[in-house]
Amino acid sequence: MIKAKLATWGKLILLILYLLLTFSYAMFQGGFVSWFLFYIFIPFAVYALCIAFYPLKDLTVERTFNNDSYVAGEQLEMTITIERKFSFPLFFLIIKNTSSLSKENGKQILFPGFKKHIQLVYSIQDLPRGEHYFDNIYIKIGDPLGLFEKEKSFSIKKVILVYPSYTDIIYRQMESRYEQGATVSQIKIQNDTTMVTGIRNYEPGDRFTWIDWKATARMNEMQTKEFEERQSNDLTIILDRSPSSSFEESVTFTASLIRSIIRHGGQTGLYSIGEERSIFPIRGGDDYRQQLFHHLAKVKPDSRVPISSILDGESIFYQQAASLLIITSTLTKPLIEVVRKHVLRTGTVIIYVIKNSHEPFFDEEYQLSTLASRYGVYVRFLHEKDFRSALTGVKQR
């Protein structure tokens, strides 16, 4: 503040010195040219003095947006409105609008003149997914000679959330059933042990607790209780947050899956671990979908360890009655070995390998997918154009 005041007084002294010099030149030189220069300089000097004392608190600045939230790829329109109480002529006015979208975003120069109402509209195309900050607005005015420039910052902060884009996926239920011995199948049955429907002969793989001892003693042969079969259409989605050039496509596909599942009455959970740990339980409904989309809007590829290492140490988060969908951009043998351990327990394990349109799939990845199929793990290779049929391509075993 002290430096600014000293600079202002120094410029005032310099302006007075210029006036004295031009006046002295006119007095000593005489003639039309010298006096013409003096009289021409006077208006510029007076205007510069007025700018020096013009109060920028006279300005009222407002920033408005056409929406409160956006989807990636949409267009943002932002309007900056400046109101003035006095119609003092301004030679120029520089508006600097700072945001996280661009360091140089919104720097414009206007020539408002006597206008008391000034409006400027910005348009930002193809919004990227994420949480974007709009910070202060800076207003600068000055005189034609460049002697006096005044700047003021207006604190008008705003946070815009850009949700991931999504594709309408053709929905198909994937039923997970459990506890039918050791058979690997994409359709398994989970028995409801509270509902006994009958008895049958004991078979290898039946639980010890299912044995009906009374019937066994009566028939002199091992008998097992039969329970009512209960199906589950629940899904657990695991998002690989390792740094990748296809991470945005992976987020788009995750959002598309969540939207399609919940839209058709299904339930899903999301498992997302990077620098921050985010685990969402299996639920459904529009409010829950909005909660998941809010997370996906801010998620970043900040995982420091491979997804195979994470899953190997986090088996507790595999839901017993849910199909498991893993979304990654890199298919590796350690990942296949890890999910192999959970095939018997979860029934359906599908690995979606997502890449952008410029990245091909390699022979090594196809060879790994063949290995995965031997373990009962289904692998799908998808570009964004294939998202719509991502569920219809999953075949029952």
# chains A, B, ... in the order shown; residues from 1 in each chain; ligands from 1

$ closest_atom_pairs --of "segment 21-69 of chain A" --to "segment 130-145 of chain A" --cutoff "8 Å" --atoms "only C-alpha atoms" --output "tab-separated table"
residue	atom	partner	partner_atom	distance
A:Phe44	CA	A:Leu145	CA	7.3
A:Tyr47	CA	A:Asp143	CA	7.0
A:Ala48	CA	A:Asp143	CA	5.5
A:Ile51	CA	A:Gly142	CA	6.6

$ write_last_selection --atoms "C-alpha atoms" --output "mmCIF file, in the first residue's frame"
data_model
loop_
_atom_site.group_PDB
_atom_site.id
_atom_site.type_symbol
_atom_site.label_atom_id
_atom_site.label_comp_id
_atom_site.auth_asym_id
_atom_site.auth_seq_id
_atom_site.Cartn_x
_atom_site.Cartn_y
_atom_site.Cartn_z
ATOM 1 C CA PHE A 44 -4.859 14.723 -21.337
ATOM 2 C CA TYR A 47 -8.115 13.461 -17.593
ATOM 3 C CA ALA A 48 -5.080 11.707 -16.071
ATOM 4 C CA ILE A 51 -8.309 8.904 -13.355
#

$ select_by_dssp --residues "segment 215-388 of chain A" --states "strand (DSSP E)" --output "count of residues only"
43

$ closest_atom_pairs --of "segment 71-122 of chain A" --to "segment 252-256 of chain A" --cutoff "12 Å" --atoms "only C-alpha atoms" --output "tab-separated table"
residue	atom	partner	partner_atom	distance
A:Val71	CA	A:Thr252	CA	10.7
A:Ala72	CA	A:Thr252	CA	9.3
A:Gly73	CA	A:Thr252	CA	11.5

$ select_by_dssp --residues "segment 214-272 of chain A" --states "helix (DSSP H, G or I)" --output "list in words"
Lys214, Ala215, Thr216, Ala217, Arg218, Met219, Phe247, Glu248, Glu249, Ser250, Val251, Thr252, Phe253, Thr254, Ala255, Ser256, Leu257, Ile258, Arg259, Ser260, Ile261, Ile262 and Arg263 of chain A

$ write_last_selection --atoms "N, CA and C atoms" --output "PDB file, in the first residue's frame"
ATOM      1  N   LYS A 214     -32.366 -85.252  11.570  1.00  0.00           N
ATOM      2  CA  LYS A 214     -33.550 -86.079  11.837  1.00  0.00           C
ATOM      3  C   LYS A 214     -33.892 -86.945  10.630  1.00  0.00           C
ATOM      4  N   ALA A 215     -33.888 -86.320   9.450  1.00  0.00           N
ATOM      5  CA  ALA A 215     -34.187 -87.085   8.237  1.00  0.00           C
ATOM      6  C   ALA A 215     -33.111 -88.105   7.958  1.00  0.00           C
ATOM      7  N   THR A 216     -31.847 -87.773   8.280  1.00  0.00           N
ATOM      8  CA  THR A 216     -30.740 -88.708   8.081  1.00  0.00           C
ATOM      9  C   THR A 216     -30.913 -89.939   8.959  1.00  0.00           C
ATOM     10  N   ALA A 217     -31.315 -89.727  10.220  1.00  0.00           N
ATOM     11  CA  ALA A 217     -31.521 -90.860  11.137  1.00  0.00           C
ATOM     12  C   ALA A 217     -32.715 -91.695  10.716  1.00  0.00           C
ATOM     13  N   ARG A 218     -33.768 -91.029  10.214  1.00  0.00           N
ATOM     14  CA  ARG A 218     -34.979 -91.752   9.823  1.00  0.00           C
ATOM     15  C   ARG A 218     -34.770 -92.585   8.569  1.00  0.00           C
ATOM     16  N   MET A 219     -33.990 -92.033   7.606  1.00  0.00           N
ATOM     17  CA  MET A 219     -33.818 -92.705   6.312  1.00  0.00           C
ATOM     18  C   MET A 219     -32.507 -93.485   6.245  1.00  0.00           C
ATOM     19  N   PHE A 247      -7.824 -42.748 -19.143  1.00  0.00           N
ATOM     20  CA  PHE A 247      -8.556 -42.647 -17.881  1.00  0.00           C
ATOM     21  C   PHE A 247      -9.905 -41.958 -18.054  1.00  0.00           C
ATOM     22  N   GLU A 248      -9.966 -40.909 -18.863  1.00  0.00           N
ATOM     23  CA  GLU A 248     -11.236 -40.211 -19.064  1.00  0.00           C
ATOM     24  C   GLU A 248     -12.273 -41.127 -19.699  1.00  0.00           C
ATOM     25  N   GLU A 249     -11.835 -41.973 -20.633  1.00  0.00           N
ATOM     26  CA  GLU A 249     -12.747 -42.935 -21.243  1.00  0.00           C
ATOM     27  C   GLU A 249     -13.234 -43.951 -20.198  1.00  0.00           C
ATOM     28  N   SER A 250     -12.349 -44.333 -19.270  1.00  0.00           N
ATOM     29  CA  SER A 250     -12.743 -45.265 -18.213  1.00  0.00           C
ATOM     30  C   SER A 250     -13.794 -44.643 -17.302  1.00  0.00           C
ATOM     31  N   VAL A 251     -13.619 -43.365 -16.984  1.00  0.00           N
ATOM     32  CA  VAL A 251     -14.598 -42.672 -16.137  1.00  0.00           C
ATOM     33  C   VAL A 251     -15.935 -42.550 -16.872  1.00  0.00           C
ATOM     34  N   THR A 252     -15.878 -42.232 -18.154  1.00  0.00           N
ATOM     35  CA  THR A 252     -17.110 -42.137 -18.952  1.00  0.00           C
ATOM     36  C   THR A 252     -17.850 -43.463 -18.962  1.00  0.00           C
ATOM     37  N   PHE A 253     -17.119 -44.557 -19.130  1.00  0.00           N
ATOM     38  CA  PHE A 253     -17.755 -45.873 -19.159  1.00  0.00           C
ATOM     39  C   PHE A 253     -18.333 -46.233 -17.789  1.00  0.00           C
ATOM     40  N   THR A 254     -17.613 -45.897 -16.721  1.00  0.00           N
ATOM     41  CA  THR A 254     -18.116 -46.146 -15.369  1.00  0.00           C
ATOM     42  C   THR A 254     -19.420 -45.394 -15.135  1.00  0.00           C
ATOM     43  N   ALA A 255     -19.455 -44.127 -15.527  1.00  0.00           N
ATOM     44  CA  ALA A 255     -20.673 -43.332 -15.376  1.00  0.00           C
ATOM     45  C   ALA A 255     -21.815 -43.911 -16.201  1.00  0.00           C
ATOM     46  N   SER A 256     -21.498 -44.391 -17.401  1.00  0.00           N
ATOM     47  CA  SER A 256     -22.524 -44.978 -18.275  1.00  0.00           C
ATOM     48  C   SER A 256     -23.108 -46.238 -17.650  1.00  0.00           C
ATOM     49  N   LEU A 257     -22.252 -47.083 -17.075  1.00  0.00           N
ATOM     50  CA  LEU A 257     -22.721 -48.297 -16.419  1.00  0.00           C
ATOM     51  C   LEU A 257     -23.635 -47.974 -15.238  1.00  0.00           C
ATOM     52  N   ILE A 258     -23.176 -47.066 -14.389  1.00  0.00           N
ATOM     53  CA  ILE A 258     -23.956 -46.696 -13.203  1.00  0.00           C
ATOM     54  C   ILE A 258     -25.318 -46.155 -13.603  1.00  0.00           C
ATOM     55  N   ARG A 259     -25.330 -45.279 -14.588  1.00  0.00           N
ATOM     56  CA  ARG A 259     -26.602 -44.680 -15.028  1.00  0.00           C
ATOM     57  C   ARG A 259     -27.548 -45.748 -15.570  1.00  0.00           C
ATOM     58  N   SER A 260     -27.017 -46.655 -16.386  1.00  0.00           N
ATOM     59  CA  SER A 260     -27.860 -47.680 -16.995  1.00  0.00           C
ATOM     60  C   SER A 260     -28.406 -48.652 -15.952  1.00  0.00           C
ATOM     61  N   ILE A 261     -27.565 -49.066 -15.008  1.00  0.00           N
ATOM     62  CA  ILE A 261     -27.983 -50.034 -13.987  1.00  0.00           C
ATOM     63  C   ILE A 261     -29.069 -49.444 -13.100  1.00  0.00           C
ATOM     64  N   ILE A 262     -28.832 -48.248 -12.569  1.00  0.00           N
ATOM     65  CA  ILE A 262     -29.798 -47.637 -11.655  1.00  0.00           C
ATOM     66  C   ILE A 262     -31.063 -47.225 -12.395  1.00  0.00           C
ATOM     67  N   ARG A 263     -30.910 -46.779 -13.624  1.00  0.00           N
ATOM     68  CA  ARG A 263     -32.071 -46.370 -14.417  1.00  0.00           C
ATOM     69  C   ARG A 263     -33.036 -47.527 -14.629  1.00  0.00           C
TER      70      ARG A 263
END

$ closest_residue --among "A:Ile42, A:Cys50, A:Ile109, A:Ile169" --to "His264 of chain A" --atoms "only C-alpha atoms"
A:Ile169

$ closest_residue --among "A:Lys57, A:Val299, A:Thr268, A:Leu371" --to "Asp286 of chain A" --atoms "only C-alpha atoms"
A:Thr268

$ closest_residue --among "A:Asn220, A:Thr22, A:Ser244, A:Ser389" --to "Thr328 of chain A" --atoms "only C-alpha atoms"
A:Ser244
